[in-house]
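Below is one structure, written out as structure tokens; comments come after it.
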Amino acid sequence: ILDLSNNNIEEIFDDFLKFDKLKKLNLSNNKIKIISNNFFDSKSLIELDISNNFLNNFIVTNNYTTNLKKINISNNNIDDFSELCKLYN
């Protein structure tokens, strides 16, 4: 478990997802606006909380297979969930 909530984080980079044992990641209550599509390529991550940020969309450009079982994106500015659905197709 990695809890980075309430840290005023504005950008998320893929590098920290190289932790191959990371199962749960909490990025809630930050200032994140964009998440890279590579972010979802983690094979170990099963729970992600990115609620209460400034996200307005997701961009999923590749056919990723994700092990995410739970994702919390509440209280963001997302108006189109079609990209998010690609993660589970």
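All residue names refer to the structure tokens as shown: chains lettered A, B, ... in order, residues numbered from 1 in each chain, ligands numbered from 1 in order.
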
Original post:
Which residues come within 6 Å of stretch 26-41 of chain A, counting only C-alpha atoms, excluding same-chain residues fewer than 2 positions away, as a ChimeraX atom specification?
Top reply: /A:3-11,14,48-55,59-60
